[in-house]
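Text of the file model04.cif, holding mmCIF, C-alpha atoms:
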```cif
data_work
#
loop_
_atom_site.group_PDB
_atom_site.id
_atom_site.type_symbol
_atom_site.label_atom_id
_atom_site.label_comp_id
_atom_site.auth_asym_id
_atom_site.auth_seq_id
_atom_site.Cartn_x
_atom_site.Cartn_y
_atom_site.Cartn_z
ATOM 1 C CA MET A 1 -2.538 -28.022 -91.157
ATOM 2 C CA LYS A 2 -2.502 -29.816 -87.813
ATOM 3 C CA LYS A 3 -6.295 -29.864 -87.741
ATOM 4 C CA ILE A 4 -6.499 -31.427 -91.190
ATOM 5 C CA PHE A 5 -3.904 -34.048 -90.298
ATOM 6 C CA THR A 6 -5.720 -34.857 -87.044
ATOM 7 C CA LEU A 7 -9.045 -35.173 -88.857
ATOM 8 C CA LEU A 8 -7.533 -37.492 -91.470
ATOM 9 C CA LEU A 9 -5.925 -39.563 -88.729
ATOM 10 C CA VAL A 10 -9.227 -39.896 -86.895
ATOM 11 C CA LEU A 11 -11.115 -40.794 -90.058
ATOM 12 C CA ALA A 12 -8.522 -43.369 -91.033
ATOM 13 C CA SER A 13 -8.564 -45.020 -87.627
ATOM 14 C CA THR A 14 -12.317 -45.329 -87.276
ATOM 15 C CA SER A 15 -14.982 -46.979 -89.315
ATOM 16 C CA VAL A 16 -18.473 -45.723 -89.874
ATOM 17 C CA PHE A 17 -19.943 -49.210 -90.187
ATOM 18 C CA ALA A 18 -18.736 -52.090 -88.087
ATOM 19 C CA LEU A 19 -19.744 -54.960 -90.353
ATOM 20 C CA SER A 20 -18.139 -55.004 -93.778
ATOM 21 C CA ASP A 21 -19.846 -56.214 -96.929
ATOM 22 C CA LEU A 22 -17.807 -59.410 -96.723
ATOM 23 C CA GLU A 23 -18.900 -60.014 -93.126
ATOM 24 C CA ASN A 24 -22.533 -59.407 -94.053
ATOM 25 C CA LEU A 25 -22.160 -61.889 -96.908
ATOM 26 C CA MET A 26 -20.643 -64.431 -94.509
ATOM 27 C CA ILE A 27 -23.692 -64.019 -92.230
ATOM 28 C CA LYS A 28 -26.117 -64.292 -95.137
ATOM 29 C CA GLU A 29 -24.474 -67.426 -96.510
ATOM 30 C CA ALA A 30 -24.175 -69.177 -93.133
ATOM 31 C CA ASN A 31 -26.775 -71.919 -93.655
ATOM 32 C CA SER A 32 -25.307 -75.042 -92.104
ATOM 33 C CA PRO A 33 -24.730 -75.433 -88.362
ATOM 34 C CA GLU A 34 -20.970 -75.523 -88.994
ATOM 35 C CA SER A 35 -20.910 -72.322 -91.029
ATOM 36 C CA LYS A 36 -23.152 -70.590 -88.485
ATOM 37 C CA GLN A 37 -20.803 -71.648 -85.684
ATOM 38 C CA ALA A 38 -17.783 -70.397 -87.638
ATOM 39 C CA ALA A 39 -19.507 -67.061 -88.300
ATOM 40 C CA ARG A 40 -20.572 -66.737 -84.625
ATOM 41 C CA SER A 41 -17.026 -67.491 -83.549
ATOM 42 C CA TYR A 42 -15.584 -64.871 -85.853
ATOM 43 C CA LEU A 43 -18.167 -62.233 -84.905
ATOM 44 C CA SER A 44 -17.693 -62.892 -81.186
ATOM 45 C CA SER A 45 -13.945 -62.586 -81.626
ATOM 46 C CA MET A 46 -14.359 -59.253 -83.411
ATOM 47 C CA ALA A 47 -16.703 -58.026 -80.668
ATOM 48 C CA LYS A 48 -14.081 -58.881 -78.030
ATOM 49 C CA GLU A 49 -11.396 -57.096 -80.051
ATOM 50 C CA LYS A 50 -13.537 -53.965 -80.399
ATOM 51 C CA GLU A 51 -14.372 -54.010 -76.678
ATOM 52 C CA ALA A 52 -10.660 -54.362 -75.834
ATOM 53 C CA ASN A 53 -9.922 -51.357 -78.057
ATOM 54 C CA ALA A 54 -12.634 -49.377 -76.257
ATOM 55 C CA VAL A 55 -11.149 -50.208 -72.855
ATOM 56 C CA ARG A 56 -7.633 -49.369 -74.068
ATOM 57 C CA HIS A 57 -8.763 -45.969 -75.340
ATOM 58 C CA GLU A 58 -10.613 -45.225 -72.115
ATOM 59 C CA LYS A 59 -7.386 -45.919 -70.219
ATOM 60 C CA MET A 60 -5.422 -43.725 -72.610
ATOM 61 C CA ALA A 61 -7.919 -40.913 -72.001
ATOM 62 C CA GLY A 62 -6.887 -40.955 -68.342
ATOM 63 C CA ASN A 63 -3.182 -40.499 -69.068
ATOM 64 C CA LYS A 64 -1.715 -37.233 -67.872
ATOM 65 C CA GLY A 65 0.907 -35.201 -69.641
ATOM 66 C CA GLY A 66 1.316 -32.338 -72.025
ATOM 67 C CA LYS A 67 -0.410 -29.001 -72.046
ATOM 68 C CA ALA A 68 -3.912 -28.738 -70.606
ATOM 69 C CA ILE A 69 -5.526 -27.959 -73.971
ATOM 70 C CA SER A 70 -3.850 -30.790 -75.846
ATOM 71 C CA GLU A 71 -4.539 -33.116 -72.924
ATOM 72 C CA ALA A 72 -8.255 -32.251 -73.054
ATOM 73 C CA LYS A 73 -8.366 -32.801 -76.830
ATOM 74 C CA PHE A 74 -6.509 -36.102 -76.480
ATOM 75 C CA LYS A 75 -8.926 -37.225 -73.769
ATOM 76 C CA GLU A 76 -11.911 -36.273 -75.929
ATOM 77 C CA HIS A 77 -10.387 -38.073 -78.915
ATOM 78 C CA CYS A 78 -9.776 -41.255 -76.893
ATOM 79 C CA LEU A 79 -13.246 -41.242 -75.362
ATOM 80 C CA ASN A 80 -14.834 -40.746 -78.780
ATOM 81 C CA LEU A 81 -12.883 -43.691 -80.154
ATOM 82 C CA ALA A 82 -13.833 -45.793 -77.140
ATOM 83 C CA LYS A 83 -17.501 -44.981 -77.752
ATOM 84 C CA GLU A 84 -17.216 -45.960 -81.418
ATOM 85 C CA PHE A 85 -15.395 -49.208 -80.633
ATOM 86 C CA ARG A 86 -18.017 -50.096 -78.016
ATOM 87 C CA ALA A 87 -20.837 -49.445 -80.528
ATOM 88 C CA GLU A 88 -19.068 -51.641 -83.086
ATOM 89 C CA ALA A 89 -18.610 -54.356 -80.459
ATOM 90 C CA GLU A 90 -22.348 -54.294 -79.779
ATOM 91 C CA GLU A 91 -23.065 -54.591 -83.493
ATOM 92 C CA TYR A 92 -20.806 -57.660 -83.763
ATOM 93 C CA LYS A 93 -22.397 -59.205 -80.648
ATOM 94 C CA LYS A 94 -25.869 -58.614 -82.051
ATOM 95 C CA ALA A 95 -24.933 -60.178 -85.398
ATOM 96 C CA ALA A 96 -23.449 -63.204 -83.617
ATOM 97 C CA ASP A 97 -26.553 -63.629 -81.464
ATOM 98 C CA GLU A 98 -28.846 -63.453 -84.499
ATOM 99 C CA LEU A 99 -27.072 -66.470 -86.041
ATOM 100 C CA LYS A 100 -28.313 -68.868 -83.365
#
```
Represent the structure contained in this file as C-alpha cells.
Amino acid sequence: MKKIFTLLLVLASTSVFALSDLENLMIKEANSPESKQAARSYLSSMAKEKEANAVRHEKMAGNKGGKAISEAKFKEHCLNLAKEFRAEAEEYKKAADELK
C-alpha cells in the first residue's frame, strides 16, 4: 500500500511534459513584438521556478534523518525530482530563446 501511495504521490507531483498545450498555443500565437516579449517573460519565469524547485530538491536530498533505507529512498526521490525540474527548466529556456 505504501508503494502505491508513494508512486501516486510522485506521479502527481511531476509532469511528463514541461510545456502545456496552452503554453504551446501561446508560443504559436505570439506574432507581435509585444506578445513575443510577454511569452518570453512568462517562459523565463517558469524556467526560473523550475530551476528553483530543482535546487530545493537537491538540498532536501542532503537532509539527514530517519532510517538508512528510507533516507536513501528519500534522497533518490529528491534527486529524481531535481533532475526532472532541471529538464523542464531547460525546455522553458529553449522555448523562450526560440521566440527571439
Got a sec to resolve the PyMOL selection byres ((chain A and resi 82) around 10) on this structure and send the residues as a PyMOL selection string? chain A and resi 50-61+76-81+83-88
Where does the PyMOL selection byres ((chain A and resi 47) around 7) land in this file, that is, which residues does it pick, as a list in words?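 Given this file, the PyMOL selection byres ((chain A and resi 47) around 7) evaluates to Leu43, Ser44, Ser45, Met46, Lys48, Glu49, Lys50, Glu51, Ala89, Glu90, Tyr92 and Lys93 of chain A.
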Got a sec to check which residues sit within 12 Å of (-26.6, -59.6, -92.4), counting all atoms listed in the file, and write them as a PyMOL selection string? chain A and resi 18-30+39+43+91-92+94-99
